[in-house]
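> Just one file: data_23.txt, with compact mmCIF, C-alpha atoms.
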# COMPACT_ATOMS: atom_id res chain seq x y z
CA MET A 1 17.39 30.87 -41.80
CA ASN A 2 16.36 27.37 -40.77
CA ARG A 3 14.62 26.35 -37.55
CA HIS A 4 17.84 25.20 -35.88
CA GLU A 5 19.50 28.56 -36.55
CA LEU A 6 16.43 30.39 -35.31
CA GLU A 7 16.42 28.41 -32.06
CA LEU A 8 20.14 28.93 -31.54
CA ILE A 9 19.91 32.67 -32.05
CA SER A 10 16.83 32.93 -29.80
CA ALA A 11 18.41 30.88 -27.05
CA LEU A 12 21.62 32.89 -27.22
CA ALA A 13 19.63 36.13 -26.97
CA GLU A 14 17.61 34.72 -24.05
CA GLY A 15 20.80 33.60 -22.31
CA THR A 16 19.56 30.05 -21.88
CA LEU A 17 22.33 28.17 -23.71
CA GLU A 18 24.72 26.11 -21.59
CA ASP A 19 27.29 26.05 -24.38
CA GLU A 20 27.21 29.16 -26.56
CA THR A 21 30.04 28.14 -28.89
CA GLU A 22 27.93 26.99 -31.85
CA ALA A 23 25.61 29.98 -31.60
CA ARG A 24 28.49 32.46 -31.39
CA LEU A 25 30.13 30.91 -34.45
CA LEU A 26 26.81 31.12 -36.28
CA ILE A 27 26.25 34.84 -35.68
CA ALA A 28 29.89 35.55 -36.52
CA SER A 29 29.39 33.84 -39.87
CA SER A 30 26.95 36.36 -41.30
CA PRO A 31 26.12 40.06 -40.72
CA GLU A 32 22.47 39.26 -41.29
CA LEU A 33 22.44 36.63 -38.54
CA ARG A 34 24.40 38.96 -36.26
CA ALA A 35 21.77 41.68 -36.83
CA GLU A 36 19.01 39.17 -36.12
CA TYR A 37 20.66 38.25 -32.82
CA GLU A 38 21.02 41.94 -31.84
CA ALA A 39 17.34 42.56 -32.68
CA GLN A 40 16.20 39.61 -30.61
CA LYS A 41 18.38 40.63 -27.66
CA THR A 42 17.18 44.24 -27.77
CA ALA A 43 13.54 43.15 -27.88
CA ILE A 44 13.93 40.67 -25.02
CA GLU A 45 15.58 43.30 -22.83
CA ALA A 46 12.85 45.83 -23.65
CA PHE A 47 10.05 43.36 -22.89
CA ARG A 48 11.69 42.28 -19.64
CA GLN A 49 11.65 45.88 -18.44
CA VAL A 50 7.88 46.06 -18.79
CA PRO A 51 6.48 46.46 -15.26
CA MET A 52 3.92 43.99 -13.99
CA ALA A 53 0.51 45.61 -13.94
CA SER A 54 -1.43 45.19 -10.72
CA LEU A 55 -4.95 45.93 -9.56
CA THR A 56 -5.66 49.03 -7.52
CA GLU A 57 -7.36 48.39 -4.17
CA HIS A 58 -10.57 49.82 -5.64
CA GLU A 59 -10.38 47.42 -8.59
CA ARG A 60 -9.42 44.49 -6.37
CA SER A 61 -12.36 44.93 -3.99
CA GLY A 62 -14.72 45.51 -6.93
CA LEU A 63 -13.46 42.38 -8.65
CA ARG A 64 -13.93 40.20 -5.57
CA ARG A 65 -17.37 41.67 -4.87
CA ASP A 66 -18.51 41.15 -8.47
CA VAL A 67 -17.20 37.60 -8.63
CA TRP A 68 -19.00 36.62 -5.43
CA THR A 69 -22.19 38.41 -6.49
CA GLN A 70 -22.20 36.47 -9.75
CA LEU A 71 -21.45 33.16 -8.07
CA ARG A 72 -24.15 33.68 -5.45
CA ALA A 73 -26.64 34.57 -8.16
CA GLN A 74 -26.28 31.36 -10.15
CA PRO A 75 -28.81 28.61 -9.58
CA GLY A 76 -28.13 24.94 -8.96
CA GLU A 77 -24.77 23.27 -8.56
CA GLY A 78 -22.56 26.33 -8.82
CA ARG A 79 -24.48 28.35 -6.24
CA VAL A 80 -22.35 29.51 -3.34
CA SER A 81 -22.94 30.99 0.06
CA THR A 82 -21.37 34.24 1.16
CA PRO A 83 -17.68 33.91 2.11
CA TRP A 84 -16.73 34.32 5.73
CA TYR A 85 -15.34 37.85 5.48
CA TYR A 86 -18.58 39.11 3.95
CA ARG A 87 -20.58 37.42 6.72
CA TRP A 88 -18.30 38.91 9.37
CA SER A 89 -18.48 42.40 7.89
CA THR A 90 -22.29 42.13 7.87
CA ALA A 91 -22.28 40.89 11.44
CA ALA A 92 -19.89 43.69 12.46
CA ALA A 93 -22.15 46.30 10.84
CA GLY A 94 -25.12 44.82 12.72
CA LEU A 95 -23.20 44.82 15.98
CA VAL A 96 -22.34 48.50 15.58
CA LEU A 97 -26.01 49.25 14.95
CA VAL A 98 -27.14 47.29 18.01
CA VAL A 99 -24.47 48.87 20.25
CA GLY A 100 -25.55 52.31 19.02
CA LEU A 101 -29.18 51.51 19.72
CA VAL A 102 -28.41 50.26 23.22
CA ALA A 103 -26.36 53.39 23.89
CA VAL A 104 -29.25 55.62 22.82
CA LEU A 105 -31.72 53.68 24.94
CA ASN A 106 -29.45 53.80 27.99
CA GLN A 107 -28.96 57.51 27.56
CA THR A 108 -32.66 58.37 27.51
CA ASP A 109 -34.40 55.35 29.02
CA SER A 110 -37.93 56.49 28.12
CA PRO A 111 -40.74 55.03 25.97
CA VAL A 112 -40.51 58.02 23.61
CA ALA A 113 -36.79 57.50 23.14
CA GLU A 114 -37.43 53.82 22.54
CA SER A 115 -39.90 54.66 19.81
CA LEU A 116 -37.47 57.21 18.28
CA ALA A 117 -34.73 54.62 18.26
CA ALA A 118 -36.98 52.17 16.46
CA GLU A 119 -37.88 54.89 13.92
CA GLU A 120 -34.20 55.64 13.40
CA VAL A 121 -33.54 52.02 12.59
CA SER A 122 -36.56 51.95 10.33
CA ALA A 123 -35.37 55.08 8.56
CA GLU A 124 -31.97 53.49 7.93
CA ALA A 125 -33.61 50.60 6.17
CA GLN A 126 -36.03 52.78 4.20
CA PRO A 127 -33.83 54.25 1.46
CA LEU A 128 -32.90 50.76 0.36
CA ALA A 129 -36.25 49.10 0.89
CA THR A 130 -39.35 49.96 -1.10
CA ASP A 131 -42.87 49.78 0.29
CA GLN A 132 -42.97 46.18 -0.89
CA THR A 133 -40.15 45.03 1.37
CA SER A 134 -42.74 43.49 3.64
CA ARG A 135 -40.73 41.21 5.89
CA LEU A 136 -37.42 43.07 5.94
CA ALA A 137 -39.02 46.40 6.78
CA SER A 138 -41.32 44.98 9.41
CA ASP A 139 -38.41 43.14 11.01
CA ALA A 140 -36.48 46.39 11.21
CA ALA A 141 -39.43 48.30 12.65
CA GLY A 142 -40.01 45.53 15.13
CA ALA A 143 -36.44 46.04 16.35
CA ASP A 144 -35.57 42.34 16.14
CA ASP A 145 -31.81 42.16 16.66
CA SER A 146 -31.01 39.69 13.89
CA ALA A 147 -33.20 41.53 11.41
CA LEU A 148 -31.55 44.82 12.36
CA ALA A 149 -28.17 43.31 11.68
CA LYS A 150 -28.92 41.99 8.24
CA SER A 151 -31.79 43.91 6.66
CA PRO A 152 -30.03 46.84 4.95
CA THR A 153 -27.21 44.64 3.69
CA GLU A 154 -29.60 41.97 2.57
CA VAL A 155 -31.77 44.47 0.74
CA SER A 156 -28.77 46.01 -1.00
CA GLU A 157 -27.58 42.54 -2.02
CA LEU A 158 -31.01 41.75 -3.44
CA ALA A 159 -30.99 45.07 -5.28
CA ALA A 160 -27.59 44.19 -6.78
CA ILE A 161 -28.92 40.81 -7.88
CA ALA A 162 -31.97 42.51 -9.42
CA ALA A 163 -29.63 44.81 -11.34
CA ALA A 164 -27.65 41.78 -12.55
CA ALA A 165 -30.90 40.13 -13.67
CA ARG A 166 -31.84 43.22 -15.67
CA GLU A 167 -28.41 43.31 -17.30
CA GLY A 168 -28.81 39.67 -18.23
CA SER A 169 -25.78 38.64 -16.16
CA LEU A 170 -27.83 36.60 -13.69
CA ALA A 171 -27.69 32.94 -14.64
CA THR A 172 -31.35 32.14 -15.22
CA PHE A 173 -33.34 28.96 -15.32
CA SER A 174 -33.84 29.45 -19.04
CA GLN A 175 -30.06 29.41 -19.58
CA ALA A 176 -29.56 26.21 -17.60
CA ALA A 177 -30.01 22.65 -18.81
CA PRO A 178 -33.79 21.94 -18.78
CA GLU A 179 -33.43 18.49 -17.23
CA ALA A 180 -31.44 19.96 -14.35
CA VAL A 181 -33.96 22.58 -13.37
CA SER A 182 -37.43 21.55 -14.48
CA GLY A 183 -38.54 20.14 -11.09
CA GLU A 184 -36.91 22.95 -9.19
CA GLN A 185 -38.48 25.50 -11.51
CA ASP A 186 -41.97 24.02 -11.07
CA ASP A 187 -41.62 24.20 -7.28
CA ALA A 188 -40.33 27.77 -7.53
CA LEU A 189 -43.23 28.78 -9.78
CA SER A 190 -45.77 27.30 -7.40
CA CYS A 191 -44.09 29.06 -4.48
CA SER A 192 -44.09 32.43 -6.27
CA GLU A 193 -47.81 31.96 -7.05
CA GLN A 194 -48.43 31.35 -3.34
CA ALA A 195 -46.76 34.70 -2.76
CA GLY A 196 -49.40 36.32 -4.97
CA LEU A 197 -47.19 36.65 -8.05
CA GLU A 198 -49.42 34.67 -10.38
CA ASP A 199 -48.63 36.61 -13.54
CA HIS A 200 -44.88 36.22 -13.03
CA GLU A 201 -42.21 33.88 -14.32
CA VAL A 202 -39.33 32.47 -12.33
CA ILE A 203 -35.96 33.61 -13.66
CA GLY A 204 -33.64 32.12 -11.09
CA GLN A 205 -32.87 31.24 -7.53
CA VAL A 206 -30.24 32.92 -5.36
CA GLU A 207 -28.85 32.51 -1.89
CA VAL A 208 -28.26 35.54 0.31
CA SER A 209 -27.21 35.30 3.95
CA THR A 210 -28.13 31.59 4.06
CA LEU A 211 -31.70 32.24 2.78
CA THR A 212 -32.76 31.05 -0.64
CA TYR A 213 -34.83 33.42 -2.74
CA ILE A 214 -36.78 32.74 -5.90
CA VAL A 215 -36.23 35.57 -8.36
CA VAL A 216 -39.28 36.44 -10.44
CA ALA A 217 -40.26 38.99 -13.04
CA PRO A 218 -43.57 39.82 -14.75
CA ARG A 219 -44.42 37.26 -17.41
CA ASP A 220 -44.49 38.39 -21.07
CA ASP A 221 -42.24 41.35 -20.33
CA ASP A 222 -38.77 41.55 -21.86
CA ILE A 223 -36.54 42.13 -18.89
CA GLY A 224 -35.17 45.66 -19.10
CA VAL A 225 -34.06 48.51 -16.88
CA ASP A 226 -37.60 49.22 -15.70
CA THR A 227 -38.69 45.65 -15.04
CA PRO A 228 -39.60 45.06 -11.38
CA ILE A 229 -37.69 42.09 -10.01
CA SER A 230 -39.22 40.32 -6.99
CA PHE A 231 -37.70 37.99 -4.44
CA VAL A 232 -39.75 35.27 -2.75
CA ASP A 233 -38.48 33.32 0.25
CA ALA A 234 -38.12 29.78 -1.12
CA GLU A 235 -38.88 28.27 2.27
CA THR A 236 -41.95 30.27 3.33
CA CYS A 237 -43.12 31.38 -0.15
CA GLU A 238 -43.49 34.94 1.18
CA LEU A 239 -42.81 37.96 -1.04
CA ILE A 240 -39.75 39.55 0.56
CA TYR A 241 -38.68 42.35 -1.70
CA THR A 242 -39.44 43.93 -5.06
CA ASP A 243 -36.81 46.07 -6.72
CA GLY A 244 -37.87 48.68 -9.26
CA MET B 1 2.37 33.12 -3.89
CA THR B 2 1.32 29.54 -3.30
CA LYS B 3 3.24 26.53 -4.58
CA PRO B 4 1.69 24.38 -7.34
CA ALA B 5 0.90 21.56 -4.87
CA GLU B 6 -0.87 24.02 -2.56
CA ASP B 7 -2.82 25.36 -5.54
CA ALA B 8 -3.95 21.85 -6.39
CA GLN B 9 -5.05 21.22 -2.81
CA LEU B 10 -6.94 24.51 -2.79
CA LEU B 11 -8.70 23.65 -6.03
CA ALA B 12 -9.68 20.24 -4.66
CA ARG B 13 -11.20 22.05 -1.67
CA VAL B 14 -13.10 24.37 -4.05
CA VAL B 15 -14.62 21.28 -5.70
CA ASP B 16 -15.69 20.14 -2.23
CA GLY B 17 -17.48 23.46 -1.72
CA ASP B 18 -14.83 25.33 0.29
CA HIS B 19 -15.29 28.97 -0.72
CA GLU B 20 -12.40 30.25 1.38
CA ALA B 21 -10.13 28.06 -0.75
CA PHE B 22 -11.48 29.78 -3.84
CA SER B 23 -10.80 33.17 -2.26
CA GLN B 24 -7.19 32.09 -1.65
CA ILE B 25 -6.79 31.01 -5.27
CA MET B 26 -8.13 34.37 -6.38
CA GLN B 27 -5.80 36.27 -4.07
CA THR B 28 -2.82 34.32 -5.39
CA HIS B 29 -3.49 34.74 -9.09
CA GLU B 30 -5.65 37.85 -9.54
CA ASP B 31 -2.80 40.32 -10.12
CA ARG B 32 -1.00 38.16 -12.64
CA VAL B 33 -4.19 37.24 -14.49
CA PHE B 34 -5.05 40.95 -14.63
CA SER B 35 -1.53 41.81 -15.82
CA VAL B 36 -1.65 39.23 -18.63
CA CYS B 37 -5.12 40.41 -19.67
CA LEU B 38 -4.09 44.07 -19.61
CA ARG B 39 -1.09 43.39 -21.85
CA ILE B 40 -3.18 41.36 -24.28
CA LEU B 41 -6.24 43.62 -24.32
CA HIS B 42 -4.60 47.06 -23.85
CA ASP B 43 -7.60 48.27 -21.88
CA ARG B 44 -7.94 48.35 -18.13
CA ASP B 45 -11.72 47.94 -17.97
CA ASN B 46 -11.70 45.09 -20.45
CA ALA B 47 -8.83 43.47 -18.55
CA LEU B 48 -10.88 43.70 -15.34
CA ASP B 49 -13.88 42.13 -17.09
CA ALA B 50 -11.68 39.35 -18.46
CA THR B 51 -10.15 38.77 -15.01
CA GLN B 52 -13.62 38.48 -13.49
CA GLU B 53 -14.78 36.12 -16.21
CA THR B 54 -11.62 34.05 -15.76
CA PHE B 55 -12.29 33.44 -12.07
CA LEU B 56 -15.97 32.69 -12.66
CA THR B 57 -14.87 30.07 -15.19
CA VAL B 58 -12.25 28.71 -12.77
CA PHE B 59 -14.97 28.23 -10.15
CA ARG B 60 -17.46 26.70 -12.55
CA LYS B 61 -14.93 24.36 -14.15
CA ALA B 62 -12.93 23.45 -11.04
CA ARG B 63 -14.39 19.96 -11.21
CA GLN B 64 -13.06 19.55 -14.76
CA PHE B 65 -9.45 20.36 -13.87
CA LYS B 66 -7.12 17.50 -14.72
CA ALA B 67 -3.94 17.26 -12.70
CA LYS B 68 -1.85 16.90 -15.87
CA ALA B 69 -1.08 20.62 -15.77
CA GLN B 70 -0.41 22.99 -12.89
CA VAL B 71 -3.39 24.91 -11.56
CA GLY B 72 -1.65 28.20 -12.39
CA THR B 73 -1.06 27.14 -15.99
CA TRP B 74 -4.71 26.09 -16.27
CA ILE B 75 -5.88 29.43 -14.88
CA TYR B 76 -3.69 31.41 -17.32
CA ARG B 77 -4.98 29.27 -20.16
CA ILE B 78 -8.54 30.22 -19.18
CA ALA B 79 -7.43 33.86 -18.91
CA VAL B 80 -5.83 33.91 -22.37
CA ASN B 81 -8.86 32.22 -23.94
CA THR B 82 -11.15 34.70 -22.19
CA CYS B 83 -9.04 37.55 -23.61
CA TYR B 84 -9.28 36.04 -27.11
CA ASP B 85 -13.06 35.91 -26.71
CA GLN B 86 -13.10 39.57 -25.68
CA LEU B 87 -10.94 40.52 -28.65
CA ARG B 88 -13.28 38.68 -30.99
CA LYS B 89 -16.28 40.47 -29.50
CA ALA B 90 -14.48 43.81 -29.63
CA LYS B 91 -13.54 43.19 -33.25
CA ARG B 92 -17.20 42.77 -34.07
CA ARG B 93 -17.96 46.07 -32.31
CA ARG B 94 -15.15 48.17 -33.74
CA ALA B 95 -12.06 47.92 -35.87
CA ASP B 96 -9.44 49.63 -33.72
CA ALA B 97 -8.21 48.72 -30.26
CA LEU B 98 -9.04 51.11 -27.46
CA PRO B 99 -6.14 52.77 -25.66
CA GLU B 100 -5.41 51.72 -22.10
CA HIS B 101 -7.42 53.98 -19.81
CA TYR B 102 -8.51 54.26 -16.22
CA ASP B 103 -11.67 54.64 -14.21
CA PRO B 104 -11.85 58.30 -13.12
CA VAL B 105 -13.72 57.37 -9.91
CA ASP B 106 -10.81 55.18 -8.77
CA PRO B 107 -8.25 57.41 -7.02
CA GLY B 108 -5.51 54.78 -7.35
CA ALA B 109 -6.01 54.16 -11.05
CA GLU B 110 -3.87 56.99 -12.33
CA ASP B 111 -0.87 55.86 -10.29
CA ALA B 112 -1.48 52.27 -11.33
CA MET B 113 -1.65 53.35 -14.96
CA THR B 114 1.55 55.33 -14.65
CA SER B 115 3.48 52.52 -13.01
CA ALA B 116 2.19 49.94 -15.49
CA ALA B 117 2.59 52.18 -18.53
CA LEU B 118 4.42 50.80 -21.53
CA ARG B 119 7.02 52.62 -23.55
CA PRO B 120 5.21 53.85 -26.69
CA GLU B 121 7.27 51.66 -29.01
CA ILE B 122 6.51 48.56 -26.92
CA HIS B 123 2.83 49.47 -26.85
CA ALA B 124 2.89 49.95 -30.63
CA ALA B 125 4.73 46.68 -31.18
CA LEU B 126 2.30 44.72 -28.99
CA ALA B 127 -0.69 46.37 -30.66
CA GLU B 128 0.64 45.40 -34.08
CA LEU B 129 1.03 41.75 -33.19
CA PRO B 130 -1.80 39.31 -33.86
CA PRO B 131 -3.28 38.08 -30.54
CA GLU B 132 -1.64 34.64 -30.67
CA PHE B 133 1.82 36.20 -31.09
CA ARG B 134 1.06 38.88 -28.50
CA SER B 135 0.04 36.31 -25.90
CA ALA B 136 3.26 34.34 -26.44
CA ILE B 137 5.33 37.49 -25.92
CA VAL B 138 3.28 38.55 -22.87
CA LEU B 139 3.59 35.17 -21.16
CA ALA B 140 7.24 34.43 -21.97
CA ASP B 141 9.04 37.76 -22.25
CA ILE B 142 6.91 39.97 -19.99
CA GLU B 143 5.58 37.52 -17.38
CA GLY B 144 8.70 35.36 -17.48
CA MET B 145 6.95 32.01 -17.95
CA SER B 146 9.01 29.05 -19.19
CA LEU B 147 8.55 28.04 -22.83
CA PRO B 148 6.94 24.66 -21.96
CA ASP B 149 4.50 26.46 -19.66
CA VAL B 150 3.68 28.98 -22.39
CA GLY B 151 3.10 26.05 -24.74
CA GLN B 152 0.69 24.50 -22.23
CA VAL B 153 -1.16 27.77 -21.65
CA LEU B 154 -1.56 28.42 -25.37
CA GLY B 155 -2.09 24.77 -26.30
CA ILE B 156 0.72 24.78 -28.88
CA PRO B 157 4.05 22.93 -29.20
CA VAL B 158 7.19 24.55 -27.78
CA GLY B 159 8.60 24.91 -31.31
CA THR B 160 5.62 27.06 -32.27
CA VAL B 161 6.09 29.15 -29.13
CA LYS B 162 9.71 29.79 -30.14
CA SER B 163 8.71 30.75 -33.64
CA ARG B 164 6.05 33.18 -32.38
CA LEU B 165 8.46 34.75 -29.93
CA PHE B 166 11.07 35.16 -32.62
CA ARG B 167 8.68 36.93 -34.95
CA GLY B 168 7.12 39.03 -32.18
CA ARG B 169 10.54 40.23 -31.06
CA ARG B 170 11.37 41.17 -34.63
CA VAL B 171 8.35 43.46 -34.72
CA LEU B 172 9.45 45.16 -31.51
CA ALA B 173 12.99 45.49 -32.81
CA ARG B 174 11.63 47.26 -35.86
CA HIS B 175 9.67 49.66 -33.64
CA LEU B 176 12.79 50.27 -31.57
CA GLY B 177 14.66 51.28 -34.69
CA ASN B 178 16.62 48.09 -35.21
CA GLN B 179 16.01 45.94 -38.19
CA SER B 180 13.87 48.45 -40.06
CA GLY B 181 14.28 46.43 -43.22
CA TYR B 182 12.92 43.23 -41.75
CA GLU B 183 9.79 41.68 -43.10
CA SER B 184 6.51 41.95 -41.29
CA ILE B 185 5.12 39.40 -38.88
CA GLN B 186 3.44 37.62 -41.76
CA GLY B 187 6.76 36.93 -43.45
CA ASN B 188 8.59 33.64 -43.39
CA VAL B 189 11.24 32.95 -40.78
Go ahead and render the structure in this file as C-alpha cells.

Amino acid sequence: MNRHELELISALAEGTLEDETEARLLIASSPELRAEYEAQKTAIEAFRQVPMASLTEHERSGLRRDVWTQLRAQPGEGRVSTPWYYRWSTAAAGLVLVVGLVAVLNQTDSPVAESLAAEEVSAEAQPLATDQTSRLASDAAGADDSALAKSPTEVSELAAIAAAAREGSLATFSQAAPEAVSGEQDDALSCSEQAGLEDHEVIGQVEVSTLTYIVVAPRDDDIGVDTPISFVDAETCELIYTDG
Amino acid sequence: MTKPAEDAQLLARVVDGDHEAFSQIMQTHEDRVFSVCLRILHDRDNALDATQETFLTVFRKARQFKAKAQVGTWIYRIAVNTCYDQLRKAKRRRADALPEHYDPVDPGAEDAMTSAALRPEIHAALAELPPEFRSAIVLADIEGMSLPDVGQVLGIPVGTVKSRLFRGRRVLARHLGNQSGYESIQGNV
C-alpha cells in the first residue's frame, strides 16, 4: 500500500473526505484494502468512545495548591505572591478567629477570660509552631489581630516549604544561574548570620503572605528528612521559624 | 473553555505578573492536560505529577511563548514532552508500566477511575504502542484534535501523524479481533 492509498483509506474511515468516490473504488478493488478500511474504522470508533478523564475535586485542589507552593518557593524572577483566593481564605480564617475571640470576651468580660482567650489563641498556634517560632508565637500570644489572622497559616506554609526543601523540590540558589543570584545570596547569607545562624547556608528565598523569607539549613549537612530548615525575615533579618 | 485569543491575552498577562490570569489558564486546561497525560502514562499519580510539572513549565516559560502556535497547542506540547520525560525516567526505574490506580484517601477517585476506565483491549492496545504512536492516537482519536494541531503538538509533519495513526489503529484492530494477521507496529505500511 502506498502513502496515497493509506491516506485515502484513513480519511474515508475518519469520515473527512468531501468526495469519497476514489476511496470507495479503492477499497472495492481489493479484499485486503477493504479489510484495512474496516480495521481503521473499528479502531477509530473504539477510540472515540474513550471517555475524557477528569480530575477529582481532591486532585484538583491538590494540584492547584502544589503548583502555587512550588511557584512561591522559587527564588528570583519566577517567584510569585499568593493568589487572591488564597489570601481571601486566609483573611476569612483570621476573621472567624477574631469574631470568635470577641464573642468570648463579650460573654465573660473579665481579665481572667481575657487571659484564657489569649491562651486559646496561643494554643491554636502551638501545634504548628515549634519553640523557635519566636515572632509568630509571640505575635499570637500578644493577641495582635493581624498576627492572629495569619500566624497558623503562615507557619503551615513555611512547614510545607521546608518539606519541599528536604525533598529537593525547592528551587535553590545552587540550582540557579550563579550570575543571577550571587549578590542576592551574599545579602541573604549576611542577613541569616545577623539572625544568629552563622553555621548555616542559604538554600533559597521564598515569599509568603507578602513577606520574603531567607531559607537556610545547617552548613555541611546533606539536606535530608531530619535537617532543620530555618526561615529568616529578609527585611528585619530576624529568625522567624525553624522546622524540624 | 476560553478561545485561543483569550488564552493568548491571559498568557500575556501572566508574563506581566498577573497570577489570576495564570489561575484561569490552569482552570481552562487542567482537565484536558490531565486526560492526555493519563492516557499516555496509564497511571493516575504519574499523570497528576506530569500535569503539575506541565503548569510549572508553562509559568516559567510563558515569556518564551511565540504566537506562531495557539497557547493550547503549546501547553499540550509541554504536557506530551513532560509525559515522555516521565516515561524515560520510569523506564530507568522499571521495565513494565504500572496499571492505572487511584489514591485511596481520595473519596472521588474510585468513581473517577470507573468513569475514565478503558476497555481492556483499548488499554492493551495503547500500552503496546510506543509513546510517540500512543500520543498521536491520544491527541487525535481520543481528544479529537485536528491533524495539523497534533503535528504542532508533537513537532512532526502531518504526513507522519497520519502514518502513526494508521499504524496505531491497526494495533487496536488486532486487539479487537480484527486483522489478527496484520504485522506489528514495527512493520512497513
> Would you be able to write out as a PyMOL selection string which residues have an atom within 10 Å of (-16.8, 38.3, -8.2) in the file's coordinates, counting all atoms listed in the file?
(chain A and resi 60-72) or (chain B and resi 23+26+51-53+55-56)
> Compile the contact shell of range 25-39 of chain A as a PyMOL selection string: residues with an atom at most 10 Å away, counting only C-alpha atoms, same-chain residues fewer than 5 positions apart removed.
(chain A and resi 1+5-6+8-14+20+44) or (chain B and resi 166+169-174+176-179+182)
> What is the CA of Ala50 in chain B to CA of Leu11 in chain B distance in Å?
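Between these atoms lies a distance of 20.2 Å.
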> So the first atom is CA of Asp31 in chain B and the second is CA of Leu55 in chain A; what is the distance between them in Å, to one decimal place?
6.0 Å
> Could you please determine the separation between CA of Ile78 in chain B and CA of Ala164 in chain A in Å, to one decimal place?
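Interatomic distance here is 23.3 Å.
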> With only C-alpha atoms considered, list every residue of chain A at most 6 Å from chain B, as a list in words.
Ala39, Gln40, Ala43, Phe47, Arg48, Pro51, Ala53, Ser54 and Thr56 of chain A
> Just write range 69-82 of chain B with N, CA, C and O atoms, as an mmCIF file, in the first residue's frame, taken from the block above.

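Dumped everything to part15.cif:
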data_model
loop_
_atom_site.group_PDB
_atom_site.id
_atom_site.type_symbol
_atom_site.label_atom_id
_atom_site.label_comp_id
_atom_site.auth_asym_id
_atom_site.auth_seq_id
_atom_site.Cartn_x
_atom_site.Cartn_y
_atom_site.Cartn_z
ATOM 1 N N ALA B 69 2.012 29.533 17.372
ATOM 2 C CA ALA B 69 1.058 28.461 17.677
ATOM 3 C C ALA B 69 0.004 28.998 18.645
ATOM 4 O O ALA B 69 0.143 30.092 19.188
ATOM 5 N N GLN B 70 -1.059 28.209 18.831
ATOM 6 C CA GLN B 70 -2.052 28.582 19.840
ATOM 7 C C GLN B 70 -1.501 28.216 21.220
ATOM 8 O O GLN B 70 -0.720 27.266 21.349
ATOM 9 N N VAL B 71 -1.960 28.955 22.224
ATOM 10 C CA VAL B 71 -1.492 28.690 23.582
ATOM 11 C C VAL B 71 -1.820 27.241 23.980
ATOM 12 O O VAL B 71 -0.992 26.532 24.548
ATOM 13 N N GLY B 72 -3.033 26.810 23.633
ATOM 14 C CA GLY B 72 -3.449 25.445 23.979
ATOM 15 C C GLY B 72 -2.514 24.410 23.376
ATOM 16 O O GLY B 72 -2.073 23.481 24.054
ATOM 17 N N THR B 73 -2.189 24.595 22.102
ATOM 18 C CA THR B 73 -1.283 23.663 21.420
ATOM 19 C C THR B 73 0.077 23.643 22.117
ATOM 20 O O THR B 73 0.660 22.575 22.335
ATOM 21 N N TRP B 74 0.538 24.834 22.494
ATOM 22 C CA TRP B 74 1.833 24.940 23.185
ATOM 23 C C TRP B 74 1.782 24.206 24.521
ATOM 24 O O TRP B 74 2.707 23.466 24.889
ATOM 25 N N ILE B 75 0.677 24.390 25.249
ATOM 26 C CA ILE B 75 0.549 23.728 26.556
ATOM 27 C C ILE B 75 0.539 22.208 26.380
ATOM 28 O O ILE B 75 1.204 21.482 27.124
ATOM 29 N N TYR B 76 -0.189 21.704 25.366
ATOM 30 C CA TYR B 76 -0.248 20.243 25.177
ATOM 31 C C TYR B 76 1.100 19.697 24.707
ATOM 32 O O TYR B 76 1.451 18.565 25.015
ATOM 33 N N ARG B 77 1.839 20.545 23.995
ATOM 34 C CA ARG B 77 3.182 20.108 23.593
ATOM 35 C C ARG B 77 4.061 19.939 24.831
ATOM 36 O O ARG B 77 4.797 18.960 24.960
ATOM 37 N N ILE B 78 3.968 20.906 25.746
ATOM 38 C CA ILE B 78 4.726 20.799 27.009
ATOM 39 C C ILE B 78 4.274 19.547 27.764
ATOM 40 O O ILE B 78 5.088 18.788 28.296
ATOM 41 N N ALA B 79 2.952 19.325 27.783
ATOM 42 C CA ALA B 79 2.412 18.162 28.518
ATOM 43 C C ALA B 79 2.947 16.859 27.928
ATOM 44 O O ALA B 79 3.405 15.976 28.671
ATOM 45 N N VAL B 80 2.902 16.735 26.615
ATOM 46 C CA VAL B 80 3.364 15.483 25.982
ATOM 47 C C VAL B 80 4.862 15.289 26.245
ATOM 48 O O VAL B 80 5.297 14.182 26.595
ATOM 49 N N ASN B 81 5.635 16.359 26.130
ATOM 50 C CA ASN B 81 7.078 16.230 26.388
ATOM 51 C C ASN B 81 7.347 15.865 27.849
ATOM 52 O O ASN B 81 8.257 15.086 28.154
ATOM 53 N N THR B 82 6.533 16.432 28.750
ATOM 54 C CA THR B 82 6.684 16.088 30.171
ATOM 55 C C THR B 82 6.370 14.599 30.377
ATOM 56 O O THR B 82 7.056 13.907 31.138
#
